[in-house]
>>> print(open('final-v9.cif').read())   # mmCIF, C-alpha atoms and all ligand atoms
data_work
#
loop_
_atom_site.label_atom_id
_atom_site.label_comp_id
_atom_site.auth_asym_id
_atom_site.auth_seq_id
_atom_site.Cartn_x
_atom_site.Cartn_y
_atom_site.Cartn_z
CA MET E 130 6.26 -12.01 -32.59
CA ARG E 131 5.97 -12.48 -28.85
CA ARG E 132 2.62 -13.01 -27.14
CA ALA E 133 1.13 -10.00 -25.33
CA GLN E 134 1.47 -10.29 -21.53
CA GLN E 135 -1.77 -10.77 -19.61
CA ILE E 136 -2.10 -8.26 -16.78
CA THR E 137 -4.43 -8.22 -13.77
CA VAL E 138 -4.93 -4.77 -12.24
CA LEU E 139 -6.08 -5.02 -8.60
CA GLY E 140 -7.50 -1.60 -7.67
CA ALA E 141 -8.07 -0.53 -11.30
CA THR E 142 -10.44 2.34 -10.41
CA GLY E 143 -7.82 4.09 -8.23
CA SER E 144 -5.06 6.54 -9.02
CA ILE E 145 -2.38 3.87 -9.62
CA GLY E 146 -4.86 1.61 -11.43
CA LEU E 147 -5.76 4.37 -13.91
CA SER E 148 -2.10 5.31 -14.49
CA THR E 149 -1.34 1.62 -15.13
CA LEU E 150 -4.14 1.38 -17.70
CA ASP E 151 -2.84 4.55 -19.37
CA VAL E 152 0.61 2.94 -19.84
CA ILE E 153 -0.86 -0.41 -20.92
CA ALA E 154 -3.06 1.29 -23.55
CA ARG E 155 0.07 2.82 -25.13
CA HIS E 156 1.45 -0.69 -25.81
CA PRO E 157 -1.38 -2.96 -27.03
CA ASP E 158 1.18 -5.21 -28.75
CA ARG E 159 2.90 -5.91 -25.39
CA TYR E 160 0.08 -5.97 -22.82
CA GLN E 161 -3.52 -7.15 -22.59
CA VAL E 162 -5.78 -6.61 -19.61
CA PHE E 163 -6.86 -9.93 -18.06
CA ALA E 164 -8.83 -8.59 -15.08
CA LEU E 165 -9.83 -5.28 -13.48
CA THR E 166 -11.11 -4.85 -9.92
CA GLY E 167 -13.04 -2.05 -8.20
CA PHE E 168 -14.67 -1.46 -4.85
CA SER E 169 -16.96 1.61 -4.68
CA ARG E 170 -16.47 3.33 -8.08
CA LEU E 171 -18.45 0.80 -10.10
CA ALA E 172 -19.64 3.14 -12.88
CA GLU E 173 -15.95 3.85 -13.54
CA LEU E 174 -15.21 0.12 -13.49
CA LEU E 175 -17.93 -0.47 -16.12
CA ALA E 176 -16.39 2.19 -18.39
CA LEU E 177 -12.90 0.69 -17.91
CA CYS E 178 -14.20 -2.78 -18.80
CA VAL E 179 -15.82 -1.47 -22.00
CA ARG E 180 -12.59 0.29 -22.94
CA HIS E 181 -10.01 -2.41 -22.00
CA THR E 182 -12.10 -5.60 -22.59
CA PRO E 183 -10.78 -7.72 -19.68
CA ARG E 184 -11.82 -11.39 -19.32
CA PHE E 185 -12.88 -10.71 -15.71
CA ALA E 186 -13.98 -7.87 -13.43
CA VAL E 187 -14.22 -8.16 -9.62
CA VAL E 188 -16.52 -6.24 -7.27
CA PRO E 189 -17.02 -6.60 -3.48
CA GLU E 190 -20.52 -8.13 -3.28
CA ALA E 191 -23.12 -10.16 -5.16
CA ALA E 192 -25.79 -7.50 -5.81
CA ALA E 193 -23.19 -5.12 -7.30
CA ALA E 194 -21.86 -8.01 -9.40
CA ARG E 195 -25.33 -8.74 -10.85
CA ARG E 196 -25.85 -5.08 -11.74
CA LEU E 197 -22.41 -4.77 -13.35
CA GLN E 198 -22.92 -8.03 -15.28
CA GLU E 199 -26.23 -6.73 -16.69
CA ASP E 200 -24.70 -3.38 -17.62
CA LEU E 201 -21.76 -5.11 -19.31
CA GLN E 202 -24.09 -7.35 -21.33
CA ALA E 203 -26.15 -4.32 -22.37
CA ALA E 204 -22.92 -2.65 -23.54
CA GLY E 205 -22.03 -5.74 -25.63
CA SER E 206 -19.10 -6.69 -23.35
CA ALA E 207 -18.09 -10.33 -22.74
CA THR E 208 -16.37 -9.54 -19.38
CA ARG E 209 -17.43 -11.94 -16.58
CA VAL E 210 -17.93 -10.50 -13.10
CA LEU E 211 -16.54 -12.26 -10.02
CA VAL E 212 -17.19 -11.39 -6.36
CA GLY E 213 -15.29 -10.56 -3.17
CA GLU E 214 -11.90 -11.55 -1.84
CA GLN E 215 -12.19 -14.97 -3.45
CA GLY E 216 -12.70 -13.31 -6.83
CA LEU E 217 -9.69 -11.05 -6.23
CA CYS E 218 -7.49 -14.05 -5.35
CA GLU E 219 -8.74 -15.95 -8.42
CA VAL E 220 -7.83 -13.21 -10.91
CA ALA E 221 -4.49 -12.64 -9.12
CA ALA E 222 -3.49 -16.31 -9.40
CA ALA E 223 -5.15 -17.42 -12.69
CA PRO E 224 -2.77 -19.53 -14.82
CA GLU E 225 -3.12 -17.21 -17.87
CA VAL E 226 -1.85 -14.16 -15.92
CA ASP E 227 1.77 -12.99 -16.37
CA ALA E 228 1.85 -9.93 -14.08
CA VAL E 229 -0.32 -8.46 -11.32
CA MET E 230 -0.45 -4.77 -10.46
CA ALA E 231 -1.16 -4.77 -6.69
CA ALA E 232 -2.84 -1.37 -6.29
CA ILE E 233 -5.62 -1.96 -3.76
CA VAL E 234 -5.16 0.48 -0.88
CA GLY E 235 -4.52 -0.80 2.65
CA ALA E 236 -4.76 -4.16 4.39
CA ALA E 237 -7.55 -5.24 2.00
CA GLY E 238 -4.84 -5.85 -0.61
CA LEU E 239 -2.84 -8.36 1.40
CA ARG E 240 -4.57 -11.67 0.59
CA PRO E 241 -4.97 -11.06 -3.17
CA THR E 242 -1.37 -9.85 -3.45
CA LEU E 243 -0.13 -12.92 -1.57
CA ALA E 244 -2.27 -15.12 -3.84
CA ALA E 245 -0.39 -13.64 -6.82
CA VAL E 246 2.96 -14.17 -5.06
CA GLU E 247 2.15 -17.80 -4.23
CA ALA E 248 1.17 -18.41 -7.86
CA GLY E 249 4.64 -17.15 -8.91
CA LYS E 250 3.40 -14.10 -10.83
CA LYS E 251 5.45 -11.03 -11.61
CA ILE E 252 4.28 -8.61 -8.89
CA LEU E 253 4.16 -4.86 -9.50
CA LEU E 254 3.85 -3.76 -5.87
CA ALA E 255 2.10 -0.45 -5.16
CA ASN E 256 0.17 -1.76 -2.11
CA LYS E 257 2.95 -1.02 0.41
CA GLU E 258 0.62 -1.78 3.34
CA ALA E 259 0.63 -5.50 2.36
CA LEU E 260 4.41 -5.68 2.67
CA VAL E 261 4.50 -3.55 5.85
CA MET E 262 1.99 -5.85 7.54
CA SER E 263 3.46 -9.20 6.63
CA GLY E 264 7.09 -8.37 5.63
CA ALA E 265 8.96 -11.56 6.58
CA LEU E 266 6.16 -13.90 5.49
CA PHE E 267 5.66 -11.96 2.24
CA MET E 268 9.38 -12.12 1.35
CA GLN E 269 9.52 -15.83 2.26
CA ALA E 270 6.58 -16.47 -0.07
CA VAL E 271 8.38 -14.54 -2.85
CA GLY E 272 11.51 -16.66 -2.30
CA LYS E 273 9.55 -19.90 -2.29
CA SER E 274 7.50 -19.28 -5.45
CA GLY E 275 10.26 -17.54 -7.42
CA SER E 276 7.92 -14.63 -8.05
CA VAL E 277 9.61 -11.47 -9.44
CA LEU E 278 8.85 -8.54 -7.11
CA LEU E 279 9.15 -5.07 -8.65
CA PRO E 280 8.48 -1.91 -6.62
CA ILE E 281 6.04 0.67 -7.97
CA ASP E 282 6.38 3.14 -5.08
CA SER E 283 8.42 5.87 -6.81
CA GLU E 284 11.14 5.90 -4.11
CA HIS E 285 11.58 2.13 -4.12
CA ASN E 286 11.49 1.97 -7.87
CA ALA E 287 14.24 4.64 -7.87
CA ILE E 288 16.31 2.66 -5.34
CA PHE E 289 15.77 -0.51 -7.39
CA GLN E 290 17.08 1.30 -10.48
CA CYS E 291 20.16 2.56 -8.54
CA MET E 292 21.00 -0.84 -7.00
CA PRO E 293 23.35 -3.34 -8.65
CA ALA E 294 21.52 -6.30 -10.22
CA ASP E 295 22.83 -8.69 -7.54
CA PHE E 296 21.71 -6.59 -4.51
CA ALA E 297 19.96 -9.64 -3.04
CA ARG E 298 23.45 -10.89 -1.96
CA GLY E 299 23.24 -8.28 0.84
CA LEU E 300 23.82 -4.54 0.91
CA SER E 301 27.30 -4.70 2.47
CA GLN E 302 28.32 -7.42 -0.04
CA VAL E 303 27.51 -5.10 -2.96
CA GLY E 304 29.10 -2.01 -1.38
CA VAL E 305 25.95 -0.13 -0.39
CA ARG E 306 26.38 2.06 2.70
CA ARG E 307 22.98 3.73 2.97
CA ILE E 308 19.68 4.15 1.23
CA LEU E 309 18.54 7.79 1.05
CA LEU E 310 14.75 7.85 0.92
CA THR E 311 13.45 11.18 -0.31
CA ALA E 312 10.22 12.79 0.94
CA SER E 313 8.49 15.92 -0.31
CA GLY E 314 7.41 16.94 3.21
CA GLY E 315 3.82 17.17 1.93
CA PRO E 316 1.41 20.10 2.23
CA PHE E 317 2.23 20.83 5.92
CA ARG E 318 6.02 21.08 5.68
CA GLN E 319 5.95 24.75 6.61
CA THR E 320 2.53 25.17 8.25
CA PRO E 321 2.92 26.75 11.75
CA LEU E 322 2.62 23.88 14.29
CA ALA E 323 -0.30 25.55 16.10
CA GLU E 324 -2.34 25.60 12.86
CA LEU E 325 -2.08 21.81 12.43
CA GLU E 326 -4.92 21.45 15.00
CA HIS E 327 -7.31 22.95 12.45
CA VAL E 328 -6.23 21.59 9.05
CA SER E 329 -8.99 19.95 6.98
CA PRO E 330 -9.01 16.70 4.97
CA GLU E 331 -9.07 18.83 1.79
CA GLN E 332 -5.87 20.63 2.86
CA ALA E 333 -4.22 17.31 3.78
CA CYS E 334 -5.15 15.82 0.39
CA ALA E 335 -3.79 18.80 -1.59
CA HIS E 336 -0.31 17.40 -2.18
CA PRO E 337 2.09 19.93 -3.69
CA ASN E 338 3.64 17.53 -6.27
CA TRP E 339 1.68 14.27 -6.62
CA SER E 340 -1.94 13.45 -7.44
CA MET E 341 -2.91 10.34 -5.42
CA GLY E 342 -5.74 8.54 -3.61
CA ARG E 343 -7.05 10.12 -0.39
CA LYS E 344 -5.54 7.67 2.11
CA ILE E 345 -1.97 7.93 0.79
CA SER E 346 -2.40 11.72 0.48
CA VAL E 347 -3.14 11.99 4.23
CA ASP E 348 -0.23 9.60 4.90
CA SER E 349 2.01 11.93 2.89
CA ALA E 350 0.84 14.95 4.90
CA SER E 351 1.61 13.18 8.21
CA MET E 352 4.76 11.52 6.78
CA MET E 353 3.37 8.15 7.87
CA ASN E 354 3.77 7.40 4.18
CA LYS E 355 7.54 7.83 4.58
CA GLY E 356 7.43 5.67 7.71
CA LEU E 357 5.62 2.89 5.83
CA GLU E 358 8.13 3.34 3.01
CA LEU E 359 11.03 2.99 5.43
CA ILE E 360 9.64 -0.41 6.48
CA GLU E 361 8.93 -1.27 2.83
CA ALA E 362 12.56 -0.45 1.90
CA CYS E 363 13.91 -2.66 4.70
CA TRP E 364 12.01 -5.68 3.32
CA LEU E 365 12.59 -5.03 -0.38
CA PHE E 366 16.33 -4.41 -0.05
CA ASP E 367 17.12 -6.43 3.08
CA ALA E 368 18.25 -3.30 4.95
CA GLU E 369 18.30 -2.45 8.66
CA PRO E 370 16.18 0.59 9.63
CA SER E 371 19.45 2.35 10.57
CA GLN E 372 20.64 1.98 6.94
CA VAL E 373 17.69 4.01 5.61
CA GLU E 374 17.86 7.78 6.00
CA VAL E 375 14.92 10.04 5.21
CA VAL E 376 15.79 13.22 3.29
CA VAL E 377 13.19 15.93 2.77
CA HIS E 378 13.41 17.13 -0.83
CA PRO E 379 10.48 19.45 -1.57
CA GLN E 380 10.72 19.40 -5.39
CA SER E 381 10.10 15.60 -5.70
CA VAL E 382 12.47 15.37 -8.68
CA ILE E 383 15.01 13.00 -7.12
CA HIS E 384 12.95 9.94 -6.23
CA SER E 385 15.63 8.41 -3.93
CA LEU E 386 19.36 7.64 -3.83
CA VAL E 387 21.81 4.86 -3.00
CA ASP E 388 25.06 5.74 -1.20
CA TYR E 389 28.03 3.41 -1.91
CA VAL E 390 31.15 2.84 0.22
CA ASP E 391 33.41 4.44 -2.39
CA GLY E 392 31.54 7.75 -1.98
CA SER E 393 29.43 7.38 -5.14
CA VAL E 394 25.79 8.33 -4.69
CA LEU E 395 23.41 7.21 -7.44
CA ALA E 396 20.04 8.89 -7.85
CA GLN E 397 17.03 8.43 -10.12
CA LEU E 398 15.33 11.64 -11.29
CA GLY E 399 12.13 12.27 -13.18
CA ASN E 400 8.94 14.29 -13.25
CA PRO E 401 6.61 13.32 -10.38
CA ASP E 402 4.32 11.06 -12.45
CA MET E 403 3.65 7.46 -11.39
CA ARG E 404 3.57 6.32 -15.02
CA THR E 405 7.40 6.30 -14.95
CA PRO E 406 7.81 3.64 -12.21
CA ILE E 407 4.79 1.76 -13.61
CA ALA E 408 6.31 1.62 -17.12
CA ASN E 409 9.70 0.74 -15.62
CA ALA E 410 8.29 -2.23 -13.73
CA LEU E 411 5.94 -3.38 -16.50
CA ALA E 412 8.75 -3.56 -19.08
CA TRP E 413 11.67 -4.44 -16.75
CA PRO E 414 14.45 -5.09 -17.71
CA GLU E 415 13.51 -3.30 -20.93
CA ARG E 416 12.33 0.34 -21.24
CA ILE E 417 9.12 1.60 -22.84
CA ASP E 418 7.46 4.98 -23.39
CA SER E 419 5.31 5.97 -20.41
CA GLY E 420 3.76 9.16 -21.76
CA VAL E 421 5.68 11.23 -19.17
CA ALA E 422 7.21 14.48 -20.46
CA PRO E 423 11.03 14.73 -20.48
CA LEU E 424 12.53 16.29 -17.34
CA ASP E 425 13.30 20.00 -17.83
CA LEU E 426 16.21 20.71 -15.47
CA PHE E 427 16.38 24.37 -16.50
CA ALA E 428 12.74 24.88 -15.47
CA ILE E 429 13.42 23.14 -12.13
CA ALA E 430 16.63 25.17 -11.65
CA ARG E 431 17.32 24.05 -8.06
CA LEU E 432 17.04 21.04 -5.75
CA ASP E 433 16.72 21.50 -1.96
CA PHE E 434 17.31 19.07 0.92
CA GLN E 435 16.42 19.16 4.64
CA ALA E 436 16.45 16.77 7.59
CA PRO E 437 12.95 15.64 8.65
CA ASP E 438 11.46 17.29 11.75
CA GLU E 439 10.07 14.57 14.04
CA GLN E 440 8.23 17.05 16.24
CA ARG E 441 6.23 18.15 13.22
CA PHE E 442 5.95 14.57 11.94
CA PRO E 443 5.54 12.22 14.96
CA CYS E 444 4.19 9.47 12.65
CA LEU E 445 7.65 9.12 11.14
CA ARG E 446 9.11 8.47 14.60
CA LEU E 447 6.34 5.96 15.42
CA ALA E 448 7.00 4.09 12.17
CA ARG E 449 10.75 3.95 12.81
CA GLN E 450 10.05 2.55 16.29
CA ALA E 451 7.74 -0.10 14.78
CA ALA E 452 10.39 -0.96 12.18
CA GLU E 453 12.96 -1.47 14.94
CA ALA E 454 10.55 -3.48 17.12
CA GLY E 455 9.62 -5.79 14.20
CA GLY E 456 7.22 -8.74 14.75
CA SER E 457 3.59 -7.60 14.98
CA ALA E 458 4.46 -3.89 15.44
CA PRO E 459 4.36 -2.80 11.75
CA ALA E 460 0.98 -4.55 11.21
CA MET E 461 -0.38 -2.75 14.30
CA LEU E 462 1.06 0.58 13.18
CA ASN E 463 -0.56 0.13 9.77
CA ALA E 464 -3.97 -0.89 11.13
CA ALA E 465 -4.10 1.92 13.71
CA ASN E 466 -3.13 4.36 10.98
CA GLU E 467 -5.87 3.08 8.63
CA VAL E 468 -8.53 3.60 11.33
CA ALA E 469 -7.16 7.03 12.28
CA VAL E 470 -6.90 8.25 8.68
CA SER E 471 -10.50 7.17 7.91
CA ALA E 472 -11.69 8.96 11.05
CA PHE E 473 -9.80 12.09 9.98
CA LEU E 474 -11.24 11.92 6.43
CA GLU E 475 -14.72 11.57 8.00
CA ARG E 476 -13.96 14.67 10.16
CA ARG E 477 -14.36 12.69 13.40
CA ILE E 478 -10.85 13.58 14.67
CA ARG E 479 -8.40 16.43 14.29
CA TYR E 480 -5.21 15.94 12.26
CA PRO E 481 -2.75 15.71 15.25
CA GLU E 482 -4.95 12.98 16.75
CA ILE E 483 -3.90 10.58 13.98
CA ALA E 484 -0.50 10.30 15.70
CA SER E 485 -2.09 10.20 19.20
CA ILE E 486 -4.22 7.17 18.25
CA ILE E 487 -1.30 5.25 16.73
CA ASP E 488 0.95 6.08 19.68
CA GLU E 489 -1.62 4.80 22.14
CA VAL E 490 -2.30 1.58 20.21
CA LEU E 491 1.41 0.77 19.93
CA SER E 492 2.12 1.52 23.58
CA ARG E 493 -0.86 -0.53 24.87
CA GLU E 494 -0.14 -3.72 22.95
CA PRO E 495 3.12 -5.67 23.35
CA THR E 496 4.94 -6.70 20.17
CA VAL E 497 4.76 -10.42 19.44
CA VAL E 498 6.59 -12.65 16.97
CA VAL E 499 4.58 -13.41 13.81
CA ASN E 500 5.26 -16.78 12.20
CA GLU E 501 2.05 -17.14 10.22
CA LEU E 502 -0.48 -15.02 8.43
CA ASP E 503 -3.15 -15.60 11.10
CA ALA E 504 -0.90 -13.79 13.59
CA VAL E 505 -0.61 -10.82 11.21
CA PHE E 506 -4.39 -10.59 10.89
CA ALA E 507 -4.79 -11.01 14.67
CA ALA E 508 -2.46 -8.01 15.21
CA ASP E 509 -4.42 -6.05 12.58
CA VAL E 510 -7.77 -6.82 14.28
CA GLN E 511 -6.45 -6.00 17.77
CA ALA E 512 -4.98 -2.66 16.64
CA ARG E 513 -8.27 -1.71 14.93
CA PHE E 514 -10.14 -2.62 18.13
CA LEU E 515 -7.84 -0.45 20.28
CA ALA E 516 -8.07 2.46 17.82
CA GLU E 517 -11.88 2.21 17.83
CA GLN E 518 -11.78 2.21 21.64
CA TRP E 519 -9.83 5.48 21.54
CA LEU E 520 -12.51 6.97 19.25
CA GLN E 521 -15.34 5.83 21.55
CA ARG E 522 -13.61 6.97 24.73
CA ASN E 523 -13.11 10.40 23.19
CA GLY E 524 -16.70 10.60 21.99
CA ARG E 525 -15.97 10.49 18.23
P1 LIG O 601 -6.93 4.98 -4.52
O1 LIG O 601 -7.72 5.25 -3.31
O2 LIG O 601 -6.93 5.97 -5.63
O3 LIG O 601 -7.35 3.55 -5.13
C1 LIG O 601 -7.49 2.42 -4.32
C2 LIG O 601 -8.04 1.24 -5.12
O4 LIG O 601 -8.34 0.17 -4.21
C3 LIG O 601 -9.35 1.56 -5.83
O5 LIG O 601 -9.42 0.80 -7.01
C4 LIG O 601 -10.41 1.10 -4.83
O6 LIG O 601 -11.66 0.82 -5.42
C5 LIG O 601 -9.74 -0.16 -4.30
N1 LIG O 601 -10.20 -0.53 -2.96
C6 LIG O 601 -10.35 0.29 -1.88
N2 LIG O 601 -10.76 -0.40 -0.81
C7 LIG O 601 -10.86 -1.70 -1.21
C8 LIG O 601 -11.26 -2.91 -0.55
N3 LIG O 601 -11.62 -2.93 0.74
N4 LIG O 601 -11.26 -4.05 -1.27
C9 LIG O 601 -10.90 -4.06 -2.59
N5 LIG O 601 -10.51 -2.94 -3.25
C10 LIG O 601 -10.50 -1.78 -2.57
O7 LIG O 601 -5.43 4.70 -4.02
P2 LIG O 601 -4.06 4.86 -4.83
O8 LIG O 601 -4.21 4.35 -6.22
O9 LIG O 601 -3.53 6.22 -4.62
O10 LIG O 601 -3.13 3.87 -4.00
C11 LIG O 601 -3.19 2.47 -4.17
C12 LIG O 601 -1.99 1.84 -3.46
O11 LIG O 601 -0.81 2.28 -4.09
C13 LIG O 601 -1.87 2.25 -1.98
O12 LIG O 601 -1.39 1.16 -1.24
C14 LIG O 601 -0.84 3.37 -2.00
O13 LIG O 601 -0.11 3.45 -0.80
C15 LIG O 601 0.05 2.91 -3.14
N6 LIG O 601 0.77 4.00 -3.81
C16 LIG O 601 0.09 4.98 -4.46
C17 LIG O 601 0.77 6.04 -5.07
C18 LIG O 601 0.04 7.09 -5.85
O14 LIG O 601 0.69 7.94 -6.48
N7 LIG O 601 -1.27 7.12 -5.88
C19 LIG O 601 2.23 6.14 -5.00
C20 LIG O 601 2.86 5.03 -4.31
C21 LIG O 601 2.14 4.01 -3.73
P3 LIG O 601 -12.78 2.02 -5.65
O15 LIG O 601 -12.00 3.18 -6.15
O16 LIG O 601 -13.67 1.44 -6.71
O17 LIG O 601 -13.44 2.24 -4.34
MG MG O 602 6.23 6.80 -2.44
#
>>> encode(input="final-v9.cif", output="structure tokens")
Amino acid sequence: MRRAQQITVLGATGSIGLSTLDVIARHPDRYQVFALTGFSRLAELLALCVRHTPRFAVVPEAAAARRLQEDLQAAGSATRVLVGEQGLCEVAAAPEVDAVMAAIVGAAGLRPTLAAVEAGKKILLANKEALVMSGALFMQAVGKSGSVLLPIDSEHNAIFQCMPADFARGLSQVGVRRILLTASGGPFRQTPLAELEHVSPEQACAHPNWSMGRKISVDSASMMNKGLELIEACWLFDAEPSQVEVVVHPQSVIHSLVDYVDGSVLAQLGNPDMRTPIANALAWPERIDSGVAPLDLFAIARLDFQAPDEQRFPCLRLARQAAEAGGSAPAMLNAANEVAVSAFLERRIRYPEIASIIDEVLSREPTVVVNELDAVFAADVQARFLAEQWLQRNGR
């Protein structure tokens, strides 16, 4: 019998983290949890540690670590608690670990995910922001360590499933003409433009098809999520931005498509449940049960498609511009968006101001070449500074 794979789940307390643990728990013979990490939801992390018995847990600071360690001991758990970014990098790169689910949200996930890449782990990549920020460097590190990189984002997992096995030879070499990246259009697809001034964080987070964390839910409402995914697709599949077309498909049943030169278009379909791409990547190249119900095409009955409206979704245009500019632009786009989305969730800005902030940051700072990680973080810091300046200047 083969040994169970040891899995580290970075961002275990989040939406993707919990779905990952749900799939893992269905296959105790195949997978064991090596480490779980949390940030603010530490009572949830304690319960997850008791249930999944990891060797390690990671929390952001020392006082929280002491409390969690005491609570774990009181619950009879042998889990050891580590602290901060160093702890995250340690459990991502530990020699015993086979695969790392990278599901921390935002730029905070970059260093631990890269630590897993450099240690040659199998990477299940949900944290798209890490790849958007550091694209070229990230892919170079994957090439150097021989790490296997598997996309968890449902669209990219769909594209991966529709690509030939040797797609790394280059899209034109394997006969791919275009990647068709589907988007639901989010909760504001049909909201009158004038009403967008007044939409609340709760409305933005009420996604019609997917249940997700708050940051990616706002990104889906603004379609910045699709913009980040466009950049993500370019890195994962070595595509030019012009080879990736966004298609609004409100039912979220087709998760993306690949268009071949002979006119064949391959699609991956499924219920909108992240356990499908998670199970696909965990077991790849095999297939395992994910707990997702079979697709009922008769209940769905129809599939609709529309072109995206860039007046309604200026973030999509800004992301495409950053993808085309390259260099530091995607890291700046991402950082400005993170600041703007937090400010929106804290009710300090109105929804359309998310795009205004990002637009201003990108137009004030020239794009520079990034040859090392320090340059990526410098771009991230500068964009956050400019976005904060916007907030101060506008009295927020
Ligand atoms: P959640 O907000 O639900 O979870 C985020 C996780 O990251 C939590 O475990 C959180 O800890 C942790 N975290 C937050 N901030 C930090 C920090 N500064 N340092 C360390 N850990 C931190 O997000 P999702 O699960 O929805 O998304 C996770 C990633 O997956 C994102 O990059 C998103 O874009 C991507 N993704 C998500 C999809 C989805 O369906 N949810 C689909 C496709 C991609 P705590 O909760 O304890 O505060
Ligand atoms: Mg997605």
>>> residues_around(input="final-v9.cif", residues="E:Asp282", least_positions_apart="6", cutoff="8 Å", atoms="all atoms listed in the file", output="MDAnalysis selection string")
chainID E and resid 254:255 257 406
>>> closest_residue(input="final-v9.cif", among="E:Gln511, E:Gln372, E:Thr149, E:Ser393", to="E:Arg449", atoms="only C-alpha atoms")
E:Gln372
>>> residues_near_ligand(input="final-v9.cif", ligand="ligand LIG 601 (chain O)", cutoff="7 Å", atoms="all atoms listed in the file", output="ChimeraX atom specification")
/E:139-146,166-171,189,232-235,237-238,255-258,281-283,339-345,403
>>> residues_around(input="final-v9.cif", residues="E:Leu365", least_positions_apart="3", cutoff="9 Å", atoms="all atoms listed in the file", output="list of chain:residue names")
E:Leu260, E:Gly264, E:Met268, E:Leu278, E:Leu279, E:Pro280, E:His285, E:Phe289, E:Ile360, E:Glu361, E:Ala362, E:Ala368
>>> atom_distance(input="final-v9.cif", atom1="atom CA of E:Met353", atom2="atom CA of E:Cys444")
5.0 Å
>>> axis_aligned_box(input="final-v9.cif", around="stretch 309-321 of chain E", padding_each_side="3 Å", output="AutoDock Vina command-line options")
--center_x 10.0 --center_y 17.3 --center_z 5.7 --size_x 23.1 --size_y 25.0 --size_z 18.1
>>> atom_distance(input="final-v9.cif", atom1="atom MG of ligand MG 602 (chain O)", atom2="atom CA of E:Val377")
12.6 Å
>>> residues_around(input="final-v9.cif", residues="E:Ala248", least_positions_apart="4", cutoff="9 Å", atoms="all atoms listed in the file", output="PyMOL selection string")
chain E and resi 221-224+243-244+274+276
>>> atom_distance(input="final-v9.cif", atom1="atom CA of E:Gly249", atom2="atom CA of E:Gly275")
5.8 Å
>>> residues_around(input="final-v9.cif", residues="E:Gly392", least_positions_apart="2", cutoff="12 Å", atoms="only C-alpha atoms", output="ChimeraX atom specification")
/E:304-307,387-390,394-395
>>> closest_residue(input="final-v9.cif", among="E:Ala312, E:Leu424, E:Val498, E:Ala465", to="ligand MG 602 (chain O)", atoms="all atoms listed in the file")
E:Ala312
>>> closest_residue(input="final-v9.cif", among="E:Lys250, E:Lys355, E:Arg446, E:Arg318", to="ligand MG 602 (chain O)", atoms="only C-alpha atoms and all ligand atoms")
E:Lys355
>>> closest_residue(input="final-v9.cif", among="E:Ala265, E:Leu165, E:Ala294, E:Ala469", to="E:Pro183", atoms="all atoms listed in the file")
E:Leu165
>>> closest_residue(input="final-v9.cif", among="E:Leu359, E:Leu147, E:Ala428, E:Val421", to="ligand MG 602 (chain O)", atoms="only C-alpha atoms and all ligand atoms")
E:Leu359
>>> closest_residue(input="final-v9.cif", among="E:Asp348, E:Glu219, E:Glu190, E:Glu199", to="E:Ile483", atoms="all atoms listed in the file")
E:Asp348
>>> residues_around(input="final-v9.cif", residues="E:Pro481", least_positions_apart="5", cutoff="12 Å", atoms="only C-alpha atoms", output="list in words")
Phe317, Leu322, Ala323, Glu324, Leu325, Glu326, His327, Val328, Ser329, Ala333, Val347, Ala350, Ser351, Gln440, Arg441, Phe442, Pro443, Cys444, Ala469, Val470, Ala472, Phe473, Ile486, Ile487 and Asp488 of chain E
>>> residues_near_point(input="final-v9.cif", point="(13.6, 11.6, -4.1)", cutoff="9 Å", atoms="all atoms listed in the file", output="list in words")
Ser283, Glu284, Ala287, Leu309, Leu310, Thr311, Ala312, Ser313, Val376, Val377, His378, Pro379, Gln380, Ser381, Val382, Ile383, His384, Ser385, Leu386, Ala396, Gln397 and Leu398 of chain E
>>> residues_near_point(input="final-v9.cif", point="(8.4, 2.2, 13.0)", cutoff="10 Å", atoms="only C-alpha atoms", output="ChimeraX atom specification")
/E:261,353,356-357,359-360,370,444-455,458-459,462-463,491
